[in-house]
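Okay, start-v6.txt is below, compact mmCIF, C-alpha atoms (C1' of nucleotides):
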# COMPACT_ATOMS: atom_id res chain seq x y z
CA MET H 489 79.28 39.31 53.96
CA ARG H 490 81.37 40.83 56.48
CA GLN H 491 83.02 38.48 58.73
CA ILE H 492 85.13 40.50 60.86
CA ASN H 493 86.85 38.42 63.19
CA SER H 494 84.92 39.50 66.08
CA ASP H 495 84.02 36.85 68.43
CA ILE H 496 82.50 39.30 70.72
CA GLU H 497 79.14 37.95 71.33
CA VAL H 498 76.33 40.13 72.20
CA SER H 499 75.01 37.77 74.64
CA ARG H 500 71.59 38.95 75.19
CA THR H 501 70.92 37.66 78.56
CA ASP H 502 68.39 39.13 80.77
CA MET H 503 68.49 42.42 82.25
CA GLN H 504 68.78 42.56 85.90
CA LEU H 505 67.78 45.81 87.10
CA GLY H 506 66.29 45.80 90.40
CA PRO H 507 64.13 43.24 91.94
CA MET H 508 61.51 43.14 89.35
CA THR H 509 62.99 42.52 86.03
CA SER H 510 63.87 39.09 85.06
CA SER H 511 63.63 39.59 81.39
CA ILE H 512 62.34 42.20 79.14
CA PRO H 513 59.38 40.93 77.33
CA ASP H 514 59.08 41.45 73.66
CA ARG H 515 56.43 43.92 74.26
CA THR H 516 58.59 46.28 76.16
CA ASP H 517 61.10 45.91 73.44
CA ALA H 518 58.56 46.72 70.82
CA SER H 519 57.42 49.83 72.54
CA LEU H 520 60.93 51.03 73.09
CA ILE H 521 61.81 50.52 69.49
CA ALA H 522 58.82 52.55 68.49
CA LEU H 523 59.80 55.29 70.90
CA ARG H 524 63.24 55.42 69.46
CA ARG H 525 61.99 55.67 65.98
CA ILE H 526 59.87 58.55 67.01
CA MET H 527 62.69 60.39 68.64
CA ARG H 528 65.16 59.71 65.94
CA ALA H 529 62.90 60.79 63.16
CA THR H 530 62.01 63.94 64.99
CA GLU H 531 65.53 64.80 65.90
CA ILE H 532 66.76 64.56 62.40
CA TYR H 533 63.83 66.42 61.04
CA ALA H 534 64.28 69.18 63.56
CA ARG H 535 67.78 69.75 62.31
CA ASP H 536 66.59 70.24 58.79
CA LEU H 537 63.90 72.54 59.88
CA ALA H 538 66.12 74.79 61.91
CA HIS H 539 68.48 74.93 59.03
CA GLN H 540 65.75 76.16 56.79
CA ALA H 541 65.24 79.07 59.13
CA HIS H 542 68.96 79.77 59.07
CA LEU H 543 69.16 78.87 62.71
CA THR H 544 70.72 76.07 64.62
CA PRO H 545 68.50 73.56 66.36
CA SER H 546 69.33 74.97 69.77
CA GLN H 547 68.63 78.49 68.74
CA LEU H 548 65.31 77.61 67.29
CA ARG H 549 64.45 75.66 70.34
CA LEU H 550 65.24 78.55 72.60
CA LEU H 551 63.19 80.82 70.45
CA GLN H 552 60.25 78.50 70.65
CA VAL H 553 60.57 78.03 74.35
CA VAL H 554 60.52 81.74 74.96
CA ALA H 555 57.79 82.43 72.48
CA ASP H 556 55.77 79.85 74.28
CA GLU H 557 55.69 81.82 77.48
CA THR H 558 52.75 84.00 78.20
CA ASP H 559 54.33 87.31 77.29
CA SER H 560 56.89 85.90 74.95
CA ALA H 561 59.39 86.61 77.66
CA ALA H 562 61.26 84.40 80.07
CA LYS H 563 64.08 84.42 82.56
CA PRO H 564 67.30 82.68 81.59
CA THR H 565 67.08 80.32 84.52
CA ASP H 566 63.68 79.11 83.45
CA ILE H 567 64.77 78.74 79.88
CA ALA H 568 67.71 76.69 80.98
CA GLY H 569 65.38 74.50 83.00
CA GLN H 570 63.07 73.97 80.13
CA MET H 571 65.78 73.20 77.71
CA GLY H 572 67.81 71.06 80.01
CA VAL H 573 71.00 73.03 79.61
CA SER H 574 73.02 75.28 81.86
CA GLN H 575 72.59 78.96 82.37
CA ALA H 576 75.86 79.58 80.67
CA THR H 577 74.60 77.92 77.56
CA VAL H 578 71.48 79.99 77.57
CA THR H 579 73.53 83.13 77.83
CA ALA H 580 75.51 82.12 74.79
CA LEU H 581 72.42 81.30 72.80
CA VAL H 582 70.69 84.49 73.77
CA ASP H 583 73.76 86.42 72.73
CA LYS H 584 73.54 84.97 69.29
CA LEU H 585 69.86 85.46 68.89
CA THR H 586 70.20 89.00 70.14
CA ALA H 587 72.85 89.68 67.58
CA ARG H 588 70.32 88.73 64.96
CA GLY H 589 67.60 90.79 66.48
CA LEU H 590 65.36 87.85 67.20
CA VAL H 591 65.27 88.31 70.92
CA GLN H 592 66.02 91.10 73.31
CA ARG H 593 67.19 91.39 76.88
CA ARG H 594 65.10 93.46 79.18
CA PRO H 595 66.05 93.98 82.79
CA SER H 596 63.46 93.35 85.43
CA GLN H 597 62.26 96.20 87.59
CA ARG H 598 61.41 94.16 90.59
CA ASP H 599 64.69 92.42 90.88
CA ARG H 600 67.50 93.92 88.98
CA ARG H 601 69.47 90.77 89.03
CA GLN H 602 66.97 89.32 86.68
CA THR H 603 66.76 89.77 82.97
CA TYR H 604 63.91 88.87 80.74
CA VAL H 605 64.51 87.49 77.34
CA CYS H 606 61.85 88.70 74.98
CA VAL H 607 61.07 87.65 71.48
CA THR H 608 61.11 90.52 69.04
CA GLU H 609 58.65 90.91 66.25
CA THR H 610 61.13 89.53 63.82
CA GLY H 611 61.69 86.58 66.07
CA GLN H 612 58.02 86.00 66.49
CA GLY H 613 57.64 86.09 62.77
CA ILE H 614 60.07 83.24 62.42
CA VAL H 615 58.44 81.19 65.10
CA ASP H 616 55.08 81.67 63.51
CA ASN H 617 56.28 80.62 60.15
CA ILE H 618 58.37 77.69 61.13
CA PRO H 619 56.09 74.82 61.67
CA ASP H 620 56.84 72.91 64.75
CA ALA H 621 59.29 70.15 64.16
CA LEU H 622 56.81 67.48 64.92
CA GLN H 623 53.85 69.11 63.53
CA GLN H 624 54.37 69.20 59.86
CA ARG H 625 54.56 65.51 59.38
CA TYR H 626 52.49 64.52 62.30
CA VAL H 627 49.40 66.56 61.97
CA ARG H 628 48.62 65.29 58.57
CA ALA H 629 48.58 61.71 59.70
CA PHE H 630 46.98 62.35 63.00
CA THR H 631 43.98 64.13 61.68
CA ALA H 632 43.34 61.25 59.37
CA LEU H 633 42.83 58.87 62.23
CA GLU H 634 39.50 57.73 63.44
CA ASP H 635 38.14 59.55 66.36
CA TRP H 636 38.61 56.78 68.88
CA GLU H 637 42.11 56.21 67.64
CA GLN H 638 43.03 59.77 68.30
CA ALA H 639 41.69 59.57 71.78
CA GLN H 640 43.52 56.39 72.49
CA LEU H 641 46.72 57.72 71.09
CA ILE H 642 46.63 60.72 73.32
CA ALA H 643 45.92 58.63 76.35
CA SER H 644 48.84 56.39 75.58
CA LEU H 645 51.24 59.16 74.87
CA GLU H 646 50.35 60.96 78.01
CA ARG H 647 50.84 57.79 79.89
CA VAL H 648 54.31 57.37 78.50
CA ALA H 649 55.14 60.95 79.17
CA ALA H 650 54.01 60.55 82.73
CA MET H 651 56.17 57.47 83.11
CA LEU H 652 59.20 59.33 82.01
CA ASP H 653 58.54 62.58 83.78
CA ALA H 654 57.95 60.92 87.06
CA ASP H 655 61.38 59.44 87.09
CA ALA H 656 62.96 62.57 85.87
CA ILE H 657 61.89 64.37 88.96
CA ASP H 658 63.26 61.75 91.20
CA ALA H 659 66.30 61.48 89.14
CA SER H 660 68.53 59.20 90.99
CA PRO H 661 68.37 56.11 88.97
CA ILE H 662 70.30 53.10 89.77
CA LEU H 663 73.51 53.97 88.23
CA THR H 664 74.41 56.85 90.44
CA SER H 665 76.17 54.69 92.89
CA GLY H 666 79.32 54.63 90.89
CA ASP H 667 80.86 55.61 87.66
CA ILE H 668 81.47 53.37 84.86
CA SER H 669 85.02 53.74 84.02
CA PRO H 670 85.76 53.96 80.38
CA GLY H 671 89.39 53.23 80.59
CA PRO H 672 92.23 55.59 80.08
CA ARG H 673 91.23 59.12 79.79
CA THR H 674 92.82 61.03 77.05
CA LYS H 675 91.57 64.41 77.69
CA MET J 349 68.56 71.14 89.51
CA ARG J 350 67.40 68.66 87.07
CA GLN J 351 64.05 69.97 87.81
CA ILE J 352 61.55 68.89 85.33
CA ASN J 353 58.50 70.80 86.12
CA SER J 354 55.31 69.15 85.47
CA ASP J 355 54.02 72.27 83.93
CA ILE J 356 56.19 71.78 80.98
CA GLU J 357 54.92 73.86 78.21
CA VAL J 358 51.39 73.09 79.04
CA SER J 359 50.66 76.72 78.96
CA ARG J 360 51.14 76.73 75.28
CA THR J 361 48.12 77.39 73.28
CA ASP J 362 48.07 79.24 70.10
CA MET J 363 51.57 79.84 69.06
CA GLN J 364 53.83 78.19 66.61
CA LEU J 365 50.99 76.81 64.71
CA GLY J 366 51.54 79.13 61.89
CA PRO J 367 48.90 81.10 60.18
CA MET J 368 46.25 78.45 60.30
CA THR J 369 46.04 77.77 63.94
CA SER J 370 42.36 77.30 64.06
CA SER J 371 42.45 74.31 61.81
CA ILE J 372 44.45 72.27 64.23
CA PRO J 373 42.25 70.61 66.77
CA ASP J 374 43.06 70.44 70.42
CA ARG J 375 43.64 66.80 70.19
CA THR J 376 46.51 67.09 67.85
CA ASP J 377 47.87 69.66 70.15
CA ALA J 378 47.52 67.40 73.12
CA SER J 379 49.31 64.56 71.49
CA LEU J 380 52.10 66.80 70.35
CA ILE J 381 52.57 68.10 73.81
CA ALA J 382 52.82 64.60 75.15
CA LEU J 383 55.32 63.69 72.49
CA ARG J 384 57.48 66.63 73.34
CA ARG J 385 57.45 65.75 76.96
CA ILE J 386 58.56 62.28 76.12
CA MET J 387 61.37 63.46 74.00
CA ARG J 388 62.48 66.09 76.38
CA ALA J 389 62.59 63.82 79.36
CA THR J 390 64.49 61.21 77.46
CA GLU J 391 66.93 63.61 75.96
CA ILE J 392 67.86 65.10 79.25
CA TYR J 393 68.15 61.77 80.90
CA ALA J 394 70.37 60.48 78.15
CA ARG J 395 72.76 63.32 78.75
CA ASP J 396 73.09 62.49 82.38
CA LEU J 397 73.61 58.91 81.59
CA ALA J 398 76.37 59.50 79.11
CA HIS J 399 77.98 61.82 81.56
CA GLN J 400 78.10 59.14 84.16
CA ALA J 401 80.12 57.03 81.80
CA HIS J 402 82.46 59.95 81.14
CA LEU J 403 81.31 60.10 77.61
CA THR J 404 79.43 62.63 75.59
CA PRO J 405 75.96 61.77 74.38
CA SER J 406 77.16 61.40 70.83
CA GLN J 407 80.00 59.16 71.76
CA LEU J 408 77.77 56.90 73.75
CA ARG J 409 75.29 56.80 70.98
CA LEU J 410 77.88 55.78 68.50
CA LEU J 411 79.10 53.11 70.82
CA GLN J 412 75.62 51.76 71.21
CA VAL J 413 74.91 51.84 67.55
CA VAL J 414 78.01 49.86 66.76
CA ALA J 415 77.57 47.43 69.61
CA ASP J 416 74.13 46.77 68.34
CA GLU J 417 75.34 45.43 65.05
CA THR J 418 75.62 41.74 64.69
CA ASP J 419 79.37 41.61 65.02
CA SER J 420 79.74 44.66 67.13
CA ALA J 421 81.28 46.16 64.06
CA ALA J 422 80.02 48.59 61.48
CA LYS J 423 81.18 50.70 58.58
CA PRO J 424 81.38 54.44 59.11
CA THR J 425 78.90 55.12 56.36
CA ASP J 426 76.30 52.96 58.00
CA ILE J 427 76.93 54.49 61.36
CA ALA J 428 76.51 57.93 59.90
CA GLY J 429 73.23 56.85 58.38
CA GLN J 430 71.97 55.43 61.61
CA MET J 431 72.96 58.43 63.61
CA GLY J 432 71.83 60.98 61.12
CA VAL J 433 75.16 62.73 60.93
CA SER J 434 77.82 63.04 58.29
CA GLN J 435 80.71 60.73 57.69
CA ALA J 436 83.10 63.38 58.80
CA THR J 437 81.43 63.53 62.14
CA VAL J 438 81.63 59.81 62.52
CA THR J 439 85.31 59.92 61.81
CA ALA J 440 85.79 62.47 64.52
CA LEU J 441 83.80 60.50 67.03
CA VAL J 442 85.57 57.28 66.20
CA ASP J 443 88.87 59.03 66.65
CA LYS J 444 87.93 59.97 70.13
CA LEU J 445 86.57 56.63 71.10
CA THR J 446 89.62 54.99 69.65
CA ALA J 447 91.86 57.18 71.72
CA ARG J 448 90.12 55.80 74.74
CA GLY J 449 90.32 52.27 73.57
CA LEU J 450 86.60 51.77 73.34
CA VAL J 451 86.49 51.04 69.67
CA GLN J 452 88.98 49.99 67.10
CA ARG J 453 89.39 50.45 63.39
CA ARG J 454 89.91 47.34 61.38
CA PRO J 455 90.38 47.47 57.66
CA SER J 456 88.30 45.24 55.49
CA GLN J 457 89.98 42.60 53.43
CA ARG J 458 87.65 42.48 50.53
CA ASP J 459 87.52 46.17 49.94
CA ARG J 460 90.39 48.07 51.31
CA ARG J 461 88.66 51.35 51.11
CA GLN J 462 86.40 50.22 53.86
CA THR J 463 87.09 50.22 57.53
CA TYR J 464 85.14 48.51 60.19
CA VAL J 465 84.65 50.10 63.51
CA CYS J 466 84.66 47.46 66.20
CA VAL J 467 83.79 47.73 69.82
CA THR J 468 86.58 46.60 72.08
CA GLU J 469 86.11 44.62 75.21
CA THR J 470 86.37 47.72 77.26
CA GLY J 471 83.82 49.41 75.10
CA GLN J 472 81.48 46.49 75.26
CA GLY J 473 81.81 46.55 78.99
CA ILE J 474 80.53 50.08 79.06
CA VAL J 475 77.66 49.40 76.76
CA ASP J 476 76.66 46.49 78.87
CA ASN J 477 76.75 48.49 81.99
CA ILE J 478 74.97 51.53 80.77
CA PRO J 479 71.38 50.73 80.96
CA ASP J 480 69.63 51.98 77.98
CA ALA J 481 68.51 55.53 78.49
CA LEU J 482 64.93 54.72 77.94
CA GLN J 483 64.93 51.31 79.29
CA GLN J 484 65.86 51.85 82.83
CA ARG J 485 63.07 54.17 83.63
CA TYR J 486 60.59 52.93 81.20
CA VAL J 487 60.63 49.25 81.82
CA ARG J 488 59.68 49.65 85.39
CA ALA J 489 56.53 51.50 84.55
CA PHE J 490 55.69 49.56 81.48
CA THR J 491 55.76 46.18 83.07
CA ALA J 492 53.38 47.41 85.66
CA LEU J 493 50.69 48.08 83.13
CA GLU J 494 47.80 45.85 82.47
CA ASP J 495 48.12 43.53 79.62
CA TRP J 496 45.70 45.27 77.36
CA GLU J 497 47.27 48.58 78.14
CA GLN J 498 50.61 47.37 77.02
CA ALA J 499 49.21 46.13 73.78
CA GLN J 500 47.43 49.35 73.14
CA LEU J 501 50.44 51.40 73.95
CA ILE J 502 52.55 49.54 71.48
CA ALA J 503 49.98 49.89 68.78
CA SER J 504 49.80 53.60 69.35
CA LEU J 505 53.50 54.14 69.49
CA GLU J 506 54.08 52.21 66.36
CA ARG J 507 51.46 54.19 64.70
CA VAL J 508 53.14 57.41 65.66
CA ALA J 509 56.49 56.12 64.61
CA ALA J 510 55.08 55.20 61.27
CA MET J 511 53.65 58.66 60.92
CA LEU J 512 56.95 60.23 61.54
CA ASP J 513 59.46 58.23 59.69
CA ALA J 514 58.06 58.25 56.32
CA ASP J 515 61.65 58.37 55.27
CA ALA J 516 63.43 55.14 55.20
CA ILE J 517 65.06 55.69 58.47
CA ASP J 518 66.46 52.64 59.96
CA ALA J 519 64.59 51.88 63.04
CA SER J 520 66.17 49.46 65.34
CA PRO J 521 69.22 51.04 66.73
CA ILE J 522 70.39 50.47 70.13
CA LEU J 523 67.79 48.88 72.01
CA THR J 524 68.84 45.35 72.48
CA SER J 525 68.36 44.95 76.09
CA GLY J 526 70.84 46.17 78.53
CA ASP J 527 72.55 43.53 80.40
CA ILE J 528 74.01 44.45 83.60
CA SER J 529 76.05 41.40 84.02
CA PRO J 530 79.56 42.66 83.94
CA GLY J 531 81.65 39.64 83.25
CA PRO J 532 84.68 40.49 81.27
CA ARG J 533 84.27 39.29 77.77
CA THR J 534 86.82 36.87 76.84
CA LYS J 535 87.71 36.87 73.28
C1' DC S 595 95.05 51.49 30.88
C1' DG S 596 92.65 56.17 32.24
C1' DT S 597 88.34 57.85 34.28
C1' DT S 598 84.86 57.84 37.45
C1' DT S 599 82.97 56.37 41.65
C1' DT S 600 83.13 55.07 46.24
C1' DG S 601 84.65 55.12 51.18
C1' DC S 602 86.94 57.28 54.36
C1' DT S 603 89.99 60.94 56.44
C1' DT S 604 91.66 65.59 56.84
C1' DT S 605 91.10 70.40 57.32
C1' DG S 606 89.07 74.62 58.73
C1' DG S 607 85.59 76.88 60.89
C1' DC S 608 81.53 77.74 63.49
C1' DA S 609 78.16 76.46 67.14
C1' DG S 610 76.93 74.11 71.70
C1' DT S 611 78.18 73.05 76.07
C1' DC S 612 79.83 73.21 80.57
C1' DG S 613 82.53 74.40 84.93
C1' DA S 614 84.48 77.87 87.24
C1' DA S 615 85.20 82.44 88.27
C1' DG S 616 83.30 87.11 88.27
C1' DT S 617 79.69 90.82 89.04
C1' DA S 618 75.77 92.77 90.64
C1' DT S 619 71.77 92.53 93.49
C1' DC S 620 68.76 91.23 97.02
C1' DA S 621 67.66 89.67 101.73
C1' DA S 622 68.28 88.65 106.21
C1' DA S 623 70.96 88.92 110.28
C1' DC S 624 73.67 91.65 113.13
C1' DG D 190 73.89 100.52 108.19
C1' DT D 191 76.91 97.04 107.50
C1' DT D 192 77.99 92.37 106.94
C1' DT D 193 77.08 87.97 105.24
C1' DG D 194 75.20 84.78 102.35
C1' DA D 195 72.24 83.49 98.66
C1' DT D 196 70.63 84.43 93.77
C1' DA D 197 70.70 85.71 88.83
C1' DC D 198 73.25 86.25 85.33
C1' DT D 199 77.59 86.88 82.52
C1' DT D 200 82.32 86.00 81.20
C1' DC D 201 86.06 82.97 80.22
C1' DG D 202 88.44 79.05 78.64
C1' DA D 203 88.44 74.68 76.88
C1' DC D 204 86.26 71.05 74.83
C1' DT D 205 83.12 68.50 71.75
C1' DG D 206 79.77 68.23 67.67
C1' DC D 207 79.04 69.12 63.32
C1' DC D 208 79.59 70.00 58.49
C1' DA D 209 81.36 71.24 53.74
C1' DA D 210 85.01 70.85 50.94
C1' DA D 211 89.30 69.09 49.71
C1' DG D 212 92.29 65.03 49.76
C1' DC D 213 93.48 60.19 49.12
C1' DA D 214 93.11 55.54 48.14
C1' DA D 215 91.10 51.63 46.24
C1' DA D 216 87.63 49.71 43.36
C1' DA D 217 84.75 49.64 39.26
C1' DC D 218 83.91 50.87 34.70
C1' DG D 219 84.88 51.71 29.80
Would you give me this structure, written as structure tokens?
Amino acid sequence: MRQINSDIEVSRTDMQLGPMTSSIPDRTDASLIALRRIMRATEIYARDLAHQAHLTPSQLRLLQVVADETDSAAKPTDIAGQMGVSQATVTALVDKLTARGLVQRRPSQRDRRQTYVCVTETGQGIVDNIPDALQQRYVRAFTALEDWEQAQLIASLERVAAMLDADAIDASPILTSGDISPGPRTK
Amino acid sequence: MRQINSDIEVSRTDMQLGPMTSSIPDRTDASLIALRRIMRATEIYARDLAHQAHLTPSQLRLLQVVADETDSAAKPTDIAGQMGVSQATVTALVDKLTARGLVQRRPSQRDRRQTYVCVTETGQGIVDNIPDALQQRYVRAFTALEDWEQAQLIASLERVAAMLDADAIDASPILTSGDISPGPRTK
DNA sequence: CGTTTTGCTTTGGCAGTCGAAGTATCAAAC
DNA sequence: GTTTGATACTTCGACTGCCAAAGCAAAACG
């Protein structure tokens, strides 16, 4: 056994966030653990998948985001919003995908400041053939569920999603009041 | 700017389902959409959170993974496994965290090839003060649910998690409750 | 012993990411 | 019509993330 001399105790006292939480019940814990497993499994799987398409995860994601739009075209700003990254990042990604002929820039007529990123046929071909990261493993299991289970699952997932989204819009969670200083910065 | 539109990829319909779109029922689709929303919201939020601590997402994650171990210490190999990255990457991350005094390398006595990565007091302080990415926003909503809803939610989530990590992915990373009590840990 | 295996670090290289500065365009006020 | 200020995007520079492969010890095996 490893007995590193670490007397640091992870004292698991209660969480005190806000007025309402005195302790996190096991149930919350359980659901969070499940959520994490979901995200972790998916994340790792997504990496593999992108790799199989000879793309990076971000590139594939951008491709999917754009392909998902009604005309397989989207403005960089929107893409950035959807992906949760900056415009600069989108530019870089689009550059790379363009170099591979998977997407294409097309200037807007209405507003010439704008550019549309469009998926090319080649790009669309990839998107069509790469199963969605979640899908491959998920669909199989999901379809095997009883009818009522499926319905319940959806309801629950949407509920969770709503919980998270709602806060995301508000986005000024507790911690914003101050930074947490990590000690000496060695940049 | 952190605008998370509620219309998140709801417009999606047929794409990315590959050649056999028709075989996938709407329900599967609906649940996948919800799952994506969950992951997206969480991912983005986690970035912000790490940023507030002047850390990168990966660095924070490593810190949390290690702090979560029984002795707040872990071997690089295990960390890599938990995080789904290579050993080399772990080395790099540990280097950076070490430079900031948040973790510490400590050679093992029994096997001198091994090194333990230990969270320092400073590091522990950060972990304690960073509410878990999910937790903060999630707990609030979750605790407000009816009893039966909570139970159902857990069942569903665990079911999904089970669907996804068919691989023996270790499941209980981070999540031991956040603990906003700051008190300096005395060794 | 020597050989292989194991655990970690180093190296080299590419991709992702952002902030800040730059460019072009539109839009509204003058 | 010109000025002024926003908007949409790109460029630039600097960092981090990540990995494969090579390197280095120490341990385990024979």
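Note that the spacing between atom CA of J:Ala398 and atom C1' of S:DT603 amounts to 26.5 Å.
Here atom CA of H:Met527 and atom CA of H:Asp635 stand 24.7 Å from one another.
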Query raised in the report: For chain J, which residue among H:Leu633, H:Leu523, H:Val591, H:Leu585 is the nearest when counting all atoms listed in the file?
Result: H:Leu523
Query - Within 9 Å of chain J: residues of chain S, using all atoms listed in the file, as a list in words - result: DT600, DG601, DC602 and DT603 of chain S
Query - H:Glu646 surroundings by only C-alpha atoms (C1' of nucleotides), 8 Å radius, close-in-sequence under 3 positions cut, as a ChimeraX atom specification - result: /H:642-643,649-650 /J:379,382-383
